[in-house]
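Everything below belongs to data30.cif, which stores mmCIF, C-alpha atoms.
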data_input
loop_
_atom_site.label_atom_id
_atom_site.label_comp_id
_atom_site.auth_asym_id
_atom_site.auth_seq_id
_atom_site.Cartn_x
_atom_site.Cartn_y
_atom_site.Cartn_z
CA MET A 1485 17.44 5.34 3.01
CA SER A 1486 14.27 6.41 1.20
CA GLY A 1487 11.90 3.90 -0.24
CA LEU A 1488 10.95 3.86 -3.90
CA ASN A 1489 8.33 2.54 -6.25
CA ARG A 1490 9.53 -0.92 -7.26
CA PHE A 1491 7.92 -0.55 -10.68
CA TYR A 1492 10.97 1.49 -11.62
CA LEU A 1493 13.30 -1.43 -10.81
CA LYS A 1494 13.37 -3.40 -14.04
CA ASP A 1495 16.56 -5.21 -13.07
CA GLU A 1496 15.76 -8.29 -10.96
CA SER A 1497 19.17 -8.08 -9.28
CA SER A 1498 18.23 -4.63 -7.89
CA ILE A 1499 15.02 -6.03 -6.47
CA LEU A 1500 16.85 -9.00 -4.98
CA TRP A 1501 19.46 -6.65 -3.46
CA ARG A 1502 16.73 -4.54 -1.83
CA LYS A 1503 15.02 -7.66 -0.46
CA ASN A 1504 18.31 -9.04 0.88
CA TYR A 1505 19.06 -5.66 2.45
CA GLY A 1506 15.75 -6.00 4.32
CA ILE A 1507 13.84 -3.27 2.49
CA LYS A 1508 10.18 -4.20 2.57
CA CYS A 1509 7.75 -3.45 -0.26
CA VAL A 1510 4.03 -2.73 0.13
CA PHE A 1511 1.69 -3.33 -2.80
CA ILE A 1512 -1.00 -0.62 -2.62
CA SER A 1513 -4.29 -2.21 -3.69
CA HIS A 1514 -6.96 0.41 -4.39
CA GLN A 1515 -9.87 1.38 -6.57
CA LYS A 1516 -8.75 3.74 -9.34
CA ASP A 1517 -11.08 6.56 -8.20
CA ASP A 1518 -8.99 6.73 -5.00
CA ALA A 1519 -5.67 7.02 -6.86
CA SER A 1520 -4.86 10.59 -5.75
CA ILE A 1521 -5.37 9.68 -2.07
CA CYS A 1522 -3.42 6.45 -2.47
CA LYS A 1523 -0.53 8.35 -4.06
CA LYS A 1524 -0.25 10.38 -0.85
CA ILE A 1525 -0.32 7.14 1.18
CA ALA A 1526 2.33 5.60 -1.10
CA ASP A 1527 4.50 8.70 -0.71
CA TYR A 1528 4.16 8.43 3.09
CA PHE A 1529 5.52 4.86 2.93
CA ILE A 1530 8.36 5.91 0.63
CA ASN A 1531 9.32 8.72 3.03
CA ALA A 1532 9.43 6.12 5.82
CA GLY A 1533 11.98 4.10 3.84
CA ILE A 1534 9.58 1.41 2.63
CA ASP A 1535 9.31 0.55 -1.05
CA VAL A 1536 5.87 0.45 -2.65
CA TYR A 1537 4.36 -0.93 -5.77
CA PHE A 1538 1.78 1.65 -6.77
CA ASP A 1539 0.21 0.99 -10.14
CA GLU A 1540 -0.41 4.63 -11.03
CA TYR A 1541 3.32 4.86 -11.78
CA ASP A 1542 3.30 1.71 -13.91
CA SER A 1543 3.30 2.96 -17.52
CA ASP A 1544 3.14 -0.61 -18.84
CA LEU A 1545 -0.06 -1.23 -16.91
CA LYS A 1546 -1.60 2.01 -18.23
CA ILE A 1547 -0.89 0.92 -21.80
CA HIS A 1548 -2.38 -2.52 -21.14
CA ARG A 1549 -5.53 -0.93 -19.75
CA GLN A 1550 -5.79 1.47 -22.70
CA THR A 1551 -5.43 -1.39 -25.18
CA ASN A 1552 -8.05 -3.33 -23.21
CA ASN A 1553 -5.86 -6.38 -22.78
CA PRO A 1554 -6.95 -8.04 -19.52
CA GLN A 1555 -4.25 -10.74 -19.66
CA TRP A 1556 -1.49 -8.13 -19.77
CA VAL A 1557 -3.18 -6.24 -16.93
CA VAL A 1558 -3.26 -9.43 -14.86
CA ASP A 1559 0.41 -10.12 -15.68
CA ALA A 1560 1.42 -6.57 -14.64
CA ILE A 1561 -0.50 -6.81 -11.34
CA LYS A 1562 0.99 -10.25 -10.61
CA LYS A 1563 4.47 -8.86 -11.24
CA GLY A 1564 3.81 -6.03 -8.74
CA ILE A 1565 2.46 -8.38 -6.08
CA ASN A 1566 5.33 -10.81 -6.59
CA LYS A 1567 7.81 -7.96 -5.99
CA SER A 1568 6.10 -7.13 -2.69
CA SER A 1569 6.39 -8.43 0.86
CA HIS A 1570 3.18 -6.77 2.05
CA MET A 1571 -0.15 -5.75 0.57
CA LEU A 1572 -2.26 -2.88 1.83
CA CYS A 1573 -5.84 -2.74 0.59
CA VAL A 1574 -7.02 0.86 0.83
CA PHE A 1575 -10.74 0.64 1.48
CA SER A 1576 -13.24 3.38 0.64
CA PRO A 1577 -16.86 3.38 -0.56
CA ASN A 1578 -15.41 3.18 -4.10
CA THR A 1579 -13.71 -0.14 -3.30
CA LEU A 1580 -17.10 -1.86 -3.11
CA TYR A 1581 -17.40 -1.36 -6.88
CA SER A 1582 -13.88 -2.43 -7.79
CA LYS A 1583 -13.48 -5.45 -10.05
CA TRP A 1584 -9.73 -5.65 -9.50
CA VAL A 1585 -9.24 -5.20 -5.72
CA PRO A 1586 -10.86 -8.54 -4.76
CA TRP A 1587 -8.79 -10.28 -7.45
CA GLU A 1588 -5.56 -8.63 -6.22
CA ILE A 1589 -6.33 -9.66 -2.65
CA GLY A 1590 -7.11 -13.23 -3.72
CA TYR A 1591 -3.86 -13.48 -5.67
CA GLY A 1592 -1.75 -11.84 -2.96
CA TYR A 1593 -3.38 -13.43 0.08
CA ASP A 1594 -0.82 -16.21 0.50
CA LYS A 1595 2.06 -14.36 -1.18
CA THR A 1596 2.15 -11.22 0.98
CA ASN A 1597 1.43 -10.00 4.49
CA LEU A 1598 -2.05 -8.55 3.89
CA SER A 1599 -3.67 -5.66 5.80
CA ALA A 1600 -6.44 -3.17 5.07
CA LEU A 1601 -6.46 0.60 5.57
CA THR A 1602 -9.85 2.26 5.89
CA LEU A 1603 -10.31 5.81 4.71
CA LYS A 1604 -12.16 8.38 6.82
CA GLY A 1605 -15.63 7.42 7.98
CA ILE A 1606 -15.58 3.74 6.99
CA THR A 1607 -17.16 1.54 9.65
CA ASP A 1608 -16.58 -2.16 10.35
CA ASN A 1609 -20.06 -2.91 8.98
CA GLN A 1610 -19.05 -1.51 5.58
CA LEU A 1611 -16.09 -3.87 5.20
CA PRO A 1612 -16.62 -6.89 2.97
CA GLU A 1613 -16.23 -10.27 4.64
CA TYR A 1614 -12.95 -11.01 2.86
CA LEU A 1615 -11.31 -8.02 4.58
CA LYS A 1616 -12.57 -8.91 8.04
CA THR A 1617 -9.98 -11.69 8.19
CA VAL A 1618 -6.94 -9.36 7.99
CA PRO A 1619 -5.53 -6.66 10.30
CA ILE A 1620 -7.42 -3.38 9.86
CA ILE A 1621 -5.61 -0.04 10.04
CA ARG A 1622 -8.10 2.66 11.01
CA GLY A 1623 -6.18 5.95 11.16
CA THR A 1624 -2.90 7.81 11.43
CA LYS A 1625 -1.91 6.29 14.77
CA THR A 1626 -2.38 2.69 13.65
CA LEU A 1627 -0.81 3.47 10.26
CA ASN A 1628 2.33 4.69 12.04
CA ASP A 1629 2.30 1.54 14.21
CA TYR A 1630 1.97 -0.60 11.08
CA ILE A 1631 4.87 1.14 9.33
CA SER A 1632 7.01 0.88 12.47
CA THR A 1633 6.33 -2.87 12.60
CA ILE A 1634 7.20 -3.34 8.92
CA GLU A 1635 10.43 -1.39 9.34
CA GLY A 1636 11.30 -3.10 12.60
CA LYS A 1637 12.13 0.24 14.22
CA PRO A 1638 10.50 1.73 17.32
CA LEU A 1639 8.10 4.60 16.72
CA TYR A 1640 10.14 7.11 18.74
CA ARG A 1641 13.11 6.44 16.45
CA MET A 1642 11.05 6.85 13.30
CA PHE A 1643 9.63 10.11 14.63
CA SER A 1644 13.05 11.44 15.65
CA ASP A 1645 14.49 10.50 12.23
CA SER A 1646 11.56 12.34 10.56
CA LEU A 1647 10.48 9.16 8.80
CA LEU A 1648 6.94 9.41 10.20
CA THR A 1649 4.69 12.22 11.37
CA GLU A 1650 3.29 11.88 14.87
CA HIS A 1651 -0.48 11.62 14.97
CA THR A 1652 -0.57 14.28 17.69
CA LYS A 1653 0.62 16.88 15.14
CA THR A 1654 -0.86 17.94 11.86
CA HIS A 1655 -0.51 14.78 9.82
CA PRO A 1656 -0.17 14.79 6.00
CA LEU A 1657 -2.96 12.19 5.79
CA ASP A 1658 -5.43 13.92 8.14
CA ASN A 1659 -7.78 14.73 5.26
CA TYR A 1660 -8.10 11.04 4.37
CA LEU A 1661 -7.64 9.02 7.55
CA ASP A 1662 -9.34 9.20 10.91
CA TYR A 1663 -7.23 10.83 13.59
CA ASN A 1664 -5.92 8.84 16.52
CA LEU A 1665 -7.31 5.45 15.57
#
Take the structure in the file and write it out as structure tokens.
Amino acid sequence: MSGLNRFYLKDESSILWRKNYGIKCVFISHQKDDASICKKIADYFINAGIDVYFDEYDSDLKIHRQTNNPQWVVDAIKKGINKSSHMLCVFSPNTLYSKWVPWEIGYGYDKTNLSALTLKGITDNQLPEYLKTVPIIRGTKTLNDYISTIEGKPLYRMFSDSLLTEHTKTHPLDNYLDYNL
């Protein structure tokens, strides 16, 4: 079963059904300048059968941002985090300047299983202190391990079912993530 973006599930019974069926959901926390990269990461999760909440698909949130209504933005983000079992903070140099990522992490810290994914070239020294307390995913190999753990399926099975791409092959995220970390 393919994953989907939970924003599209307006019906709470559909969300509850997916949760009861064991389908996990990852909230993708990112700085808006990294949205095109994060869309590729979100699509990789969806292909692996894991739901995501990725705000670039959230038309309500876009309207709230355009109308400059911070309370509605907060409410939309809270709704996305509350629909999620996991949160993945995608960290890049742009994230250092984000006003929303630290807030999302603070809100979701006790509500989700939080991890961070570093984009290519990010070193441990560049990570803010608040991210040094969570598991860090450094590249395609550890991303596949992370997804396998969330799904509760062994890697070999996920590779054979074409849910994941082995890091030893050309990987769809090679342009954004370090190889073999």
So that I can see what lies close to A:Tyr1614, please list as number ranges by chain the residues with an atom at most 10 Å from it, counting only C-alpha atoms and leaving out residues fewer than 5 positions away in the same chain.
A: 1586, 1589-1590
Go through the shown structure with the PyMOL selection byres ((chain A and resi 1584) around 12) and write out the matching residues as a list in words.
Ser1513, His1514, Gln1515, Lys1516, Asp1539, Pro1554, Val1557, Val1558, Ile1561, Lys1562, Cys1573, Asn1578, Thr1579, Leu1580, Tyr1581, Ser1582, Lys1583, Val1585, Pro1586, Trp1587, Glu1588, Ile1589, Gly1590 and Tyr1591 of chain A
Mind dumping the selected residues with C-alpha atoms as a CSV table (one decimal), in the coordinates of the input?
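Output (selection.csv):
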chain,number,residue,atom,x,y,z
A,1513,SER,CA,-4.3,-2.2,-3.7
A,1514,HIS,CA,-7.0,0.4,-4.4
A,1515,GLN,CA,-9.9,1.4,-6.6
A,1516,LYS,CA,-8.8,3.7,-9.3
A,1539,ASP,CA,0.2,1.0,-10.1
A,1554,PRO,CA,-7.0,-8.0,-19.5
A,1557,VAL,CA,-3.2,-6.2,-16.9
A,1558,VAL,CA,-3.3,-9.4,-14.9
A,1561,ILE,CA,-0.5,-6.8,-11.3
A,1562,LYS,CA,1.0,-10.2,-10.6
A,1573,CYS,CA,-5.8,-2.7,0.6
A,1578,ASN,CA,-15.4,3.2,-4.1
A,1579,THR,CA,-13.7,-0.1,-3.3
A,1580,LEU,CA,-17.1,-1.9,-3.1
A,1581,TYR,CA,-17.4,-1.4,-6.9
A,1582,SER,CA,-13.9,-2.4,-7.8
A,1583,LYS,CA,-13.5,-5.4,-10.0
A,1585,VAL,CA,-9.2,-5.2,-5.7
A,1586,PRO,CA,-10.9,-8.5,-4.8
A,1587,TRP,CA,-8.8,-10.3,-7.4
A,1588,GLU,CA,-5.6,-8.6,-6.2
A,1589,ILE,CA,-6.3,-9.7,-2.6
A,1590,GLY,CA,-7.1,-13.2,-3.7
A,1591,TYR,CA,-3.9,-13.5,-5.7
When the PyMOL selection byres ((chain A and resi 1601) around 9) is applied to the structure above, which residues does it catch, written out as a ChimeraX atom specification?
/A:1572-1576,1599-1600,1602-1603,1619-1623,1627,1661
Enumerate, as a PyMOL selection string, the residues matched when the PyMOL selection byres ((chain A and resi 1628) around 9) is run on the file above.
chain A and resi 1623-1627+1629-1633+1639+1648-1651
Nearest to A:Gly1533: which of A:Ser1646, A:Asn1609, A:Thr1654, A:Ser1520 is it, counting all atoms listed in the file?
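So, comparing all the options, the nearest one is A:Ser1646.
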Judged by all atoms listed in the file, the minimum distance to A:Ile1521 among A:Ile1565, A:Lys1604, A:Ser1644, A:Tyr1663 is found for A:Lys1604
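Between atom CA of A:Glu1635 and atom CA of A:Gly1605 the interatomic distance comes to 27.5 Å.
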Between A:Thr1652, A:Asp1662, A:Asn1552, A:Leu1647, which residue has the minimum interatomic distance to A:Ile1606, considering all atoms listed in the file?
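Checking each of A:Thr1652, A:Asp1662, A:Asn1552, A:Leu1647 against A:Ile1606, counting all atoms listed in the file, the winner is A:Asp1662.
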Just checking: using only C-alpha atoms, which residue out of A:His1655, A:His1570, A:Arg1641, A:Lys1616 ends up closest to A:Val1510?
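Nearest candidate to A:Val1510 out of A:His1655, A:His1570, A:Arg1641, A:Lys1616: A:His1570.
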